Structure formats: C-alpha cells, structure tokens
>>> print(open('run_29.txt').read())   # compact mmCIF, N, CA and C atoms
# COMPACT_ATOMS: atom_id res chain seq x y z
N GLU A 56 92.30 76.35 68.12
CA GLU A 56 93.26 75.30 67.92
C GLU A 56 94.09 75.07 69.19
N TYR A 57 94.21 76.08 70.08
CA TYR A 57 95.00 75.93 71.31
C TYR A 57 94.15 75.58 72.52
N GLY A 58 92.86 75.37 72.32
CA GLY A 58 92.00 74.99 73.43
C GLY A 58 91.38 76.15 74.18
N TYR A 59 91.62 77.37 73.72
CA TYR A 59 91.02 78.54 74.37
C TYR A 59 89.72 78.89 73.68
N GLU A 60 88.76 79.32 74.47
CA GLU A 60 87.49 79.79 73.91
C GLU A 60 87.22 81.19 74.41
N TYR A 61 86.75 82.03 73.51
CA TYR A 61 86.44 83.41 73.84
C TYR A 61 85.03 83.72 73.36
N MET A 62 84.48 84.82 73.87
CA MET A 62 83.12 85.21 73.48
C MET A 62 83.14 86.04 72.21
N TYR A 63 84.26 86.13 71.54
CA TYR A 63 84.36 86.89 70.30
C TYR A 63 85.28 86.13 69.34
N ARG A 64 85.21 86.50 68.11
CA ARG A 64 86.04 85.88 67.09
C ARG A 64 86.58 86.99 66.19
N ILE A 65 87.83 86.91 65.88
CA ILE A 65 88.45 87.87 64.96
C ILE A 65 88.41 87.25 63.57
N GLU A 66 87.78 87.95 62.66
CA GLU A 66 87.68 87.45 61.29
C GLU A 66 88.27 88.46 60.33
N ASN A 67 88.76 87.96 59.22
CA ASN A 67 89.30 88.80 58.16
C ASN A 67 90.35 89.78 58.67
N ALA A 68 91.14 89.34 59.63
CA ALA A 68 92.19 90.19 60.18
C ALA A 68 93.44 90.11 59.32
N THR A 69 94.21 91.16 59.34
CA THR A 69 95.49 91.17 58.66
C THR A 69 96.55 91.64 59.65
N TYR A 70 97.77 91.40 59.33
CA TYR A 70 98.86 91.90 60.13
C TYR A 70 100.02 92.21 59.21
N GLU A 71 100.92 93.00 59.72
CA GLU A 71 102.13 93.29 58.96
C GLU A 71 103.30 93.21 59.91
N VAL A 72 104.43 92.83 59.38
CA VAL A 72 105.64 92.75 60.18
C VAL A 72 106.07 94.17 60.51
N LEU A 73 106.39 94.36 61.76
CA LEU A 73 106.76 95.68 62.24
C LEU A 73 108.10 96.12 61.65
N ASN A 74 108.13 97.30 61.12
CA ASN A 74 109.36 97.89 60.65
C ASN A 74 109.93 98.70 61.81
N GLU A 75 111.02 98.23 62.37
CA GLU A 75 111.60 98.84 63.57
C GLU A 75 111.88 100.33 63.39
N THR A 76 112.26 100.74 62.20
CA THR A 76 112.59 102.15 61.96
C THR A 76 111.35 103.03 61.97
N SER A 77 110.18 102.45 61.86
CA SER A 77 108.96 103.25 61.85
C SER A 77 108.43 103.52 63.26
N LEU A 78 109.06 102.96 64.26
CA LEU A 78 108.61 103.16 65.63
C LEU A 78 108.93 104.57 66.11
N PRO A 79 108.08 105.13 66.98
CA PRO A 79 108.40 106.43 67.57
C PRO A 79 109.70 106.34 68.36
N GLU A 80 110.33 107.48 68.58
CA GLU A 80 111.61 107.51 69.29
C GLU A 80 111.53 106.78 70.63
N GLY A 81 112.47 105.92 70.89
CA GLY A 81 112.53 105.20 72.14
C GLY A 81 111.87 103.84 72.12
N TYR A 82 110.88 103.65 71.28
CA TYR A 82 110.19 102.37 71.23
C TYR A 82 111.09 101.25 70.72
N ASP A 83 112.09 101.60 69.94
CA ASP A 83 113.00 100.58 69.44
C ASP A 83 113.76 99.90 70.58
N VAL A 84 113.98 100.62 71.68
CA VAL A 84 114.65 100.03 72.84
C VAL A 84 113.81 98.87 73.37
N TYR A 85 112.55 99.16 73.63
CA TYR A 85 111.65 98.13 74.15
C TYR A 85 111.50 96.99 73.14
N TYR A 86 111.34 97.34 71.87
CA TYR A 86 111.17 96.33 70.83
C TYR A 86 112.38 95.41 70.77
N THR A 87 113.57 95.97 70.80
CA THR A 87 114.80 95.17 70.74
C THR A 87 114.89 94.24 71.94
N LEU A 88 114.64 94.77 73.12
CA LEU A 88 114.73 93.95 74.34
C LEU A 88 113.67 92.85 74.38
N SER A 89 112.48 93.17 73.90
CA SER A 89 111.43 92.15 73.94
C SER A 89 111.62 91.11 72.85
N SER A 90 112.10 91.51 71.69
CA SER A 90 112.28 90.54 70.60
C SER A 90 113.41 89.55 70.90
N ASN A 91 114.33 89.93 71.78
CA ASN A 91 115.43 89.03 72.17
C ASN A 91 115.15 88.33 73.50
N ASP A 92 113.95 88.47 74.03
CA ASP A 92 113.55 87.88 75.31
C ASP A 92 114.30 88.45 76.51
N ASP A 93 114.98 89.57 76.34
CA ASP A 93 115.72 90.14 77.46
C ASP A 93 114.79 90.68 78.55
N ILE A 94 113.67 91.26 78.16
CA ILE A 94 112.71 91.74 79.16
C ILE A 94 112.16 90.55 79.94
N TYR A 95 111.81 89.50 79.24
CA TYR A 95 111.32 88.29 79.91
C TYR A 95 112.39 87.74 80.85
N ASN A 96 113.64 87.67 80.39
CA ASN A 96 114.71 87.14 81.22
C ASN A 96 114.91 87.98 82.48
N LEU A 97 114.90 89.30 82.33
CA LEU A 97 115.05 90.16 83.50
C LEU A 97 113.92 89.93 84.48
N TYR A 98 112.70 89.86 83.98
CA TYR A 98 111.56 89.67 84.89
C TYR A 98 111.65 88.30 85.57
N PHE A 99 112.08 87.28 84.85
CA PHE A 99 112.27 85.96 85.45
C PHE A 99 113.33 86.02 86.54
N ILE A 100 114.43 86.70 86.26
CA ILE A 100 115.51 86.85 87.24
C ILE A 100 115.00 87.58 88.48
N MET A 101 114.25 88.65 88.28
CA MET A 101 113.70 89.39 89.40
C MET A 101 112.78 88.51 90.24
N SER A 102 111.98 87.72 89.58
CA SER A 102 111.06 86.81 90.29
C SER A 102 111.84 85.76 91.07
N TYR A 103 112.91 85.29 90.50
CA TYR A 103 113.78 84.30 91.13
C TYR A 103 114.37 84.87 92.43
N VAL A 104 114.89 86.09 92.36
CA VAL A 104 115.45 86.78 93.52
C VAL A 104 114.35 87.05 94.55
N ASP A 105 113.21 87.49 94.07
CA ASP A 105 112.06 87.80 94.93
C ASP A 105 111.65 86.58 95.76
N TYR A 106 111.69 85.42 95.18
CA TYR A 106 111.31 84.18 95.85
C TYR A 106 112.10 83.98 97.14
N TYR A 107 113.39 84.26 97.08
CA TYR A 107 114.24 84.06 98.25
C TYR A 107 114.03 85.14 99.31
N ILE A 108 113.87 86.36 98.87
CA ILE A 108 113.78 87.47 99.81
C ILE A 108 112.39 87.59 100.43
N TYR A 109 111.37 87.28 99.66
CA TYR A 109 110.00 87.30 100.18
C TYR A 109 109.50 85.86 100.39
N TYR A 110 110.36 85.02 100.90
CA TYR A 110 110.07 83.59 101.05
C TYR A 110 108.77 83.32 101.79
N ASP A 111 108.45 84.12 102.81
CA ASP A 111 107.22 83.87 103.57
C ASP A 111 105.97 84.10 102.73
N TYR A 112 106.04 85.02 101.79
CA TYR A 112 104.92 85.25 100.88
C TYR A 112 104.65 84.00 100.05
N TYR A 113 105.69 83.26 99.74
CA TYR A 113 105.56 82.03 98.95
C TYR A 113 105.32 80.79 99.81
N GLY A 114 104.98 81.01 101.08
CA GLY A 114 104.61 79.91 101.97
C GLY A 114 105.79 79.16 102.56
N MET A 115 106.95 79.78 102.52
CA MET A 115 108.14 79.13 103.07
C MET A 115 108.44 79.68 104.46
N THR A 116 108.97 78.84 105.31
CA THR A 116 109.46 79.29 106.61
C THR A 116 110.93 79.67 106.46
N SER A 117 111.46 80.34 107.47
CA SER A 117 112.87 80.71 107.41
C SER A 117 113.75 79.45 107.36
N ALA A 118 113.35 78.41 108.06
CA ALA A 118 114.12 77.16 108.03
C ALA A 118 114.07 76.53 106.64
N GLN A 119 112.90 76.58 106.00
CA GLN A 119 112.77 75.99 104.67
C GLN A 119 113.59 76.73 103.62
N ILE A 120 113.58 78.06 103.68
CA ILE A 120 114.32 78.82 102.66
C ILE A 120 115.82 78.58 102.80
N MET A 121 116.27 78.32 103.99
CA MET A 121 117.69 78.06 104.21
C MET A 121 118.13 76.73 103.58
N GLU A 122 117.18 75.88 103.28
CA GLU A 122 117.49 74.58 102.66
C GLU A 122 117.41 74.63 101.14
N GLU A 123 116.97 75.74 100.60
CA GLU A 123 116.86 75.90 99.14
C GLU A 123 118.26 75.98 98.53
N PRO A 124 118.41 75.56 97.28
CA PRO A 124 119.72 75.67 96.63
C PRO A 124 120.10 77.13 96.43
N LYS A 125 121.38 77.37 96.26
CA LYS A 125 121.86 78.73 96.02
C LYS A 125 121.25 79.29 94.75
N VAL A 126 121.17 80.59 94.70
CA VAL A 126 120.69 81.29 93.51
C VAL A 126 121.76 81.18 92.43
N ASP A 127 121.33 80.87 91.21
CA ASP A 127 122.24 80.77 90.08
C ASP A 127 121.57 81.44 88.88
N LEU A 128 121.91 82.70 88.67
CA LEU A 128 121.27 83.47 87.60
C LEU A 128 121.62 82.98 86.21
N SER A 129 122.64 82.18 86.10
CA SER A 129 122.97 81.66 84.77
C SER A 129 121.85 80.77 84.23
N THR A 130 121.04 80.21 85.12
CA THR A 130 119.92 79.38 84.67
C THR A 130 118.83 80.22 84.01
N ALA A 131 118.90 81.54 84.20
CA ALA A 131 117.92 82.45 83.60
C ALA A 131 118.56 83.29 82.49
N ASN A 132 119.63 82.77 81.90
CA ASN A 132 120.31 83.45 80.78
C ASN A 132 120.85 84.82 81.15
N TYR A 133 121.27 84.98 82.40
CA TYR A 133 121.77 86.28 82.87
C TYR A 133 122.94 86.78 82.01
N ASP A 134 123.98 85.98 81.89
CA ASP A 134 125.17 86.42 81.15
C ASP A 134 124.86 86.72 79.70
N GLU A 135 124.06 85.87 79.09
CA GLU A 135 123.68 86.08 77.69
C GLU A 135 122.96 87.41 77.51
N SER A 136 121.97 87.68 78.37
CA SER A 136 121.22 88.93 78.27
C SER A 136 122.12 90.13 78.53
N LEU A 137 122.91 90.07 79.59
CA LEU A 137 123.78 91.19 79.93
C LEU A 137 124.76 91.49 78.80
N ASN A 138 125.41 90.48 78.29
CA ASN A 138 126.39 90.69 77.21
C ASN A 138 125.74 91.24 75.94
N ARG A 139 124.55 90.73 75.61
CA ARG A 139 123.87 91.20 74.41
C ARG A 139 123.50 92.67 74.55
N VAL A 140 122.91 93.03 75.69
CA VAL A 140 122.45 94.42 75.87
C VAL A 140 123.65 95.37 75.95
N LYS A 141 124.71 94.95 76.59
CA LYS A 141 125.92 95.79 76.63
C LYS A 141 126.51 95.98 75.23
N SER A 142 126.37 94.98 74.37
CA SER A 142 126.95 95.07 73.03
C SER A 142 126.27 96.14 72.16
N TYR A 143 125.11 96.60 72.55
CA TYR A 143 124.42 97.64 71.78
C TYR A 143 125.16 98.98 71.88
N ASN A 144 125.98 99.15 72.92
CA ASN A 144 126.73 100.39 73.11
C ASN A 144 125.83 101.62 72.96
N ASP A 145 124.73 101.59 73.68
CA ASP A 145 123.73 102.65 73.59
C ASP A 145 123.30 103.01 75.01
N ASP A 146 123.46 104.27 75.36
CA ASP A 146 123.12 104.73 76.72
C ASP A 146 121.67 104.51 77.09
N ARG A 147 120.80 104.38 76.10
CA ARG A 147 119.38 104.19 76.39
C ARG A 147 119.11 102.85 77.08
N TYR A 148 120.06 101.94 77.04
CA TYR A 148 119.92 100.63 77.66
C TYR A 148 120.54 100.57 79.06
N GLN A 149 121.13 101.66 79.52
CA GLN A 149 121.86 101.64 80.78
C GLN A 149 120.96 101.30 81.97
N ASP A 150 119.75 101.81 81.99
CA ASP A 150 118.83 101.47 83.10
C ASP A 150 118.58 99.97 83.15
N PHE A 151 118.44 99.38 81.99
CA PHE A 151 118.21 97.94 81.91
C PHE A 151 119.44 97.18 82.40
N ILE A 152 120.60 97.60 81.98
CA ILE A 152 121.85 96.98 82.42
C ILE A 152 121.99 97.12 83.94
N ASP A 153 121.67 98.29 84.46
CA ASP A 153 121.75 98.50 85.91
C ASP A 153 120.84 97.54 86.66
N MET A 154 119.65 97.28 86.14
CA MET A 154 118.74 96.35 86.80
C MET A 154 119.30 94.93 86.79
N LEU A 155 119.87 94.53 85.67
CA LEU A 155 120.50 93.21 85.61
C LEU A 155 121.64 93.10 86.62
N GLU A 156 122.45 94.13 86.69
CA GLU A 156 123.59 94.10 87.61
C GLU A 156 123.13 94.14 89.07
N THR A 157 122.03 94.81 89.34
CA THR A 157 121.46 94.79 90.69
C THR A 157 121.04 93.37 91.06
N CYS A 158 120.47 92.67 90.13
CA CYS A 158 120.08 91.27 90.37
C CYS A 158 121.30 90.42 90.68
N LYS A 159 122.40 90.67 90.00
CA LYS A 159 123.63 89.92 90.25
C LYS A 159 124.14 90.20 91.66
N THR A 160 124.09 91.45 92.08
CA THR A 160 124.49 91.82 93.43
C THR A 160 123.61 91.12 94.46
N LEU A 161 122.30 91.10 94.20
CA LEU A 161 121.38 90.42 95.11
C LEU A 161 121.65 88.92 95.14
N GLU A 162 122.01 88.34 93.99
CA GLU A 162 122.35 86.92 93.96
C GLU A 162 123.48 86.64 94.96
N THR A 163 124.51 87.45 94.92
CA THR A 163 125.66 87.27 95.83
C THR A 163 125.23 87.40 97.28
N LYS A 164 124.45 88.43 97.58
CA LYS A 164 124.00 88.65 98.96
C LYS A 164 123.10 87.52 99.46
N ILE A 165 122.21 87.06 98.60
CA ILE A 165 121.30 85.97 98.99
C ILE A 165 122.11 84.71 99.28
N ASN A 166 123.06 84.41 98.42
CA ASN A 166 123.87 83.21 98.62
C ASN A 166 124.71 83.29 99.89
N GLU A 167 125.17 84.49 100.24
CA GLU A 167 125.88 84.67 101.51
C GLU A 167 124.94 84.38 102.68
N CYS A 168 123.71 84.86 102.58
CA CYS A 168 122.71 84.60 103.63
C CYS A 168 122.43 83.11 103.77
N LEU A 169 122.33 82.43 102.64
CA LEU A 169 122.07 81.00 102.68
C LEU A 169 123.23 80.24 103.32
N GLU A 170 124.44 80.68 103.00
CA GLU A 170 125.62 80.04 103.61
C GLU A 170 125.64 80.23 105.12
N LYS A 171 125.29 81.44 105.55
CA LYS A 171 125.32 81.77 106.98
C LYS A 171 124.04 81.35 107.71
N LYS A 172 123.05 80.86 106.94
CA LYS A 172 121.74 80.50 107.51
C LYS A 172 121.11 81.70 108.22
N ASP A 173 121.13 82.85 107.53
CA ASP A 173 120.66 84.10 108.10
C ASP A 173 119.42 84.62 107.36
N ALA A 174 118.26 84.13 107.76
CA ALA A 174 117.00 84.54 107.12
C ALA A 174 116.66 86.00 107.42
N THR A 175 117.09 86.49 108.55
CA THR A 175 116.82 87.88 108.91
C THR A 175 117.48 88.83 107.91
N ALA A 176 118.68 88.51 107.49
CA ALA A 176 119.37 89.33 106.49
C ALA A 176 118.65 89.31 105.15
N LEU A 177 118.02 88.17 104.83
CA LEU A 177 117.23 88.12 103.59
C LEU A 177 116.09 89.14 103.66
N LYS A 178 115.41 89.17 104.79
CA LYS A 178 114.28 90.09 104.96
C LYS A 178 114.72 91.55 104.80
N LYS A 179 115.93 91.84 105.22
CA LYS A 179 116.43 93.22 105.15
C LYS A 179 116.66 93.68 103.72
N MET A 180 116.66 92.75 102.77
CA MET A 180 116.85 93.10 101.36
C MET A 180 115.53 93.38 100.64
N GLN A 181 114.42 93.32 101.35
CA GLN A 181 113.12 93.53 100.69
C GLN A 181 113.01 94.89 100.04
N SER A 182 113.55 95.93 100.66
CA SER A 182 113.47 97.26 100.05
C SER A 182 114.29 97.32 98.75
N ASP A 183 115.37 96.54 98.69
CA ASP A 183 116.17 96.49 97.46
C ASP A 183 115.35 95.87 96.31
N VAL A 184 114.62 94.82 96.63
CA VAL A 184 113.79 94.16 95.62
C VAL A 184 112.63 95.06 95.22
N ASP A 185 112.03 95.73 96.19
CA ASP A 185 110.94 96.66 95.89
C ASP A 185 111.43 97.76 94.94
N LYS A 186 112.62 98.29 95.19
CA LYS A 186 113.20 99.33 94.33
C LYS A 186 113.48 98.79 92.93
N LEU A 187 113.91 97.55 92.87
CA LEU A 187 114.17 96.91 91.58
C LEU A 187 112.88 96.83 90.75
N TYR A 188 111.78 96.39 91.37
CA TYR A 188 110.51 96.33 90.66
C TYR A 188 110.03 97.73 90.26
N GLU A 189 110.26 98.70 91.12
CA GLU A 189 109.88 100.08 90.80
C GLU A 189 110.66 100.56 89.58
N ASN A 190 111.95 100.28 89.54
CA ASN A 190 112.77 100.68 88.38
C ASN A 190 112.34 99.94 87.12
N PHE A 191 111.98 98.69 87.25
CA PHE A 191 111.50 97.91 86.11
C PHE A 191 110.21 98.54 85.55
N ASN A 192 109.28 98.87 86.43
CA ASN A 192 108.03 99.49 85.98
C ASN A 192 108.28 100.84 85.31
N LYS A 193 109.18 101.61 85.84
CA LYS A 193 109.52 102.90 85.22
C LYS A 193 110.10 102.69 83.82
N PHE A 194 110.96 101.70 83.72
CA PHE A 194 111.60 101.42 82.44
C PHE A 194 110.57 100.95 81.40
N ILE A 195 109.72 100.05 81.81
CA ILE A 195 108.73 99.48 80.88
C ILE A 195 107.75 100.54 80.41
N THR A 196 107.41 101.47 81.27
CA THR A 196 106.41 102.49 80.91
C THR A 196 107.05 103.78 80.38
N LYS A 197 108.35 103.81 80.29
CA LYS A 197 109.08 105.01 79.88
C LYS A 197 108.61 105.56 78.53
N TYR A 198 108.35 104.67 77.60
CA TYR A 198 108.00 105.11 76.25
C TYR A 198 106.51 104.94 75.94
N SER A 199 105.71 104.73 76.97
CA SER A 199 104.28 104.46 76.71
C SER A 199 103.45 105.72 76.61
N THR A 200 104.03 106.86 76.91
CA THR A 200 103.25 108.11 76.82
C THR A 200 103.78 109.01 75.74
>>> encode(input="run_29.txt", output="structure tokens")
Amino acid sequence: EYGYEYMYRIENATYEVLNETSLPEGYDVYYTLSSNDDIYNLYFIMSYVDYYIYYDYYGMTSAQIMEEPKVDLSTANYDESLNRVKSYNDDRYQDFIDMLETCKTLETKINECLEKKDATALKKMQSDVDKLYENFNKFITKYST
C-alpha cells in the first residue's frame, strides 16, 4: 500500500501493544525516549550541528558556511525535549540530558563563529561533535546486551 516491494510477505502476523512494565531493567528509558520522539529529536539536533562543523563533508566551502543562517535548536524541539526529559526526575536520563545540553553549547559556539566569520574555529569543534556521537552510540546501546 506504501509503494514498497519486498521479496517476502508477512502473513498471519499478530502483534501486541508493549507493556512498558514488562521490559527488562533499563529498556523503559529507551522506550520512553523513543515513544516521545526525543531520541529522534536529539539525533536531528546532532545532525544539524554536524552540518555546520563538518561543512566541507557536505560540499560547502568555508565562505558558503559563513553565509548560512545561525543555528536555532528550537526548530528541532530542543526546549520541549529537554524539559520533558528533565521532568522525569530520574538519574538514568542524565546522559541524555547532558547530550542535549552539549548541543546547546555547540549552538552558541557555532553562532559565535558565524558572527566572526571564523570557519577555522568551526573545524576545531570537530572532536566535540565526534565525542557527542560516541556518547550517543554508548547511550543507545547501553541496554542492548
């Protein structure tokens, strides 16, 4: 019905709504974040920041990236996600909160670089973005074993 074709067909399948309390310890963290689109929002925010810092990877020159609009994380539901996750008052979400706050710090630094027309300073933040992705991968796989 969606225009996709596969070499297999699922027939006579059933499903059941997941009971959050039946999840193994820790999985509820991931389930909560994914069901509220917070994981998606964080990844979108990270990609947004990545675009500016790794601009050459995206085919941009230093002159072109300096003409891009300032970073505005509110367009990626930053405040909504941060406030929701903080409202859980659960230490298990602290790594996630830290990643969101790191993105906010990078937003400020990127915008300062854009104001100063300093593409070199953007490049110097690549290790910060790499660390952010590393922390994201650790968080996502934390409960997979």
>>> closest_residue(input="run_29.txt", among="A:Thr175, A:Phe191, A:Asn166, A:Met154", to="Pro124 (chain A)", atoms="only C-alpha atoms")
A:Asn166
>>> atom_distance(input="run_29.txt", atom1="atom C of Asn192 (chain A)", atom2="atom C of Asp150 (chain A)")
10.6 Å
>>> residues_around(input="run_29.txt", residues="Asp93 (chain A)", least_positions_apart="5", cutoff="8 Å", atoms="all atoms listed in the file", output="count of residues only")
8
>>> select_by_dssp(input="run_29.txt", residues="chain A", states="alpha helix (DSSP H)", output="count of residues only")
83
>>> residues_around(input="run_29.txt", residues="Tyr109 (chain A)", least_positions_apart="6", cutoff="7 Å", atoms="all atoms listed in the file", output="list in words")
Met115, Leu177, Lys178 and Gln181 of chain A
>>> closest_residue(input="run_29.txt", among="A:Tyr133, A:Ser142, A:Arg64, A:Thr196", to="Ile100 (chain A)", atoms="only N, CA and C atoms")
A:Tyr133
>>> axis_aligned_box(input="run_29.txt", around="region 73-90 of chain A", padding_each_side="6 Å", output="JSON")
{"center_x": 110.6, "center_y": 98.5, "center_z": 67.5, "size_x": 20.5, "size_y": 30.0, "size_z": 25.7}
>>> atom_distance(input="run_29.txt", atom1="CA of Lys197 (chain A)", atom2="CA of Asp146 (chain A)")
14.4 Å
>>> atom_distance(input="run_29.txt", atom1="atom C of Asn96 (chain A)", atom2="atom C of Ala131 (chain A)")
5.9 Å
>>> residues_around(input="run_29.txt", residues="region 158-161 of chain A", least_positions_apart="3", cutoff="8 Å", atoms="all atoms listed in the file", output="list in words")
Ile100, Met101, Val104, Val126, Leu128, Ile152, Asp153, Met154, Leu155, Lys164, Ile165, Asn166, Glu167 and Leu187 of chain A
>>> closest_residue(input="run_29.txt", among="A:Met121, A:Tyr188, A:Asn138, A:Gly81", to="Cys168 (chain A)", atoms="all atoms listed in the file")
A:Met121
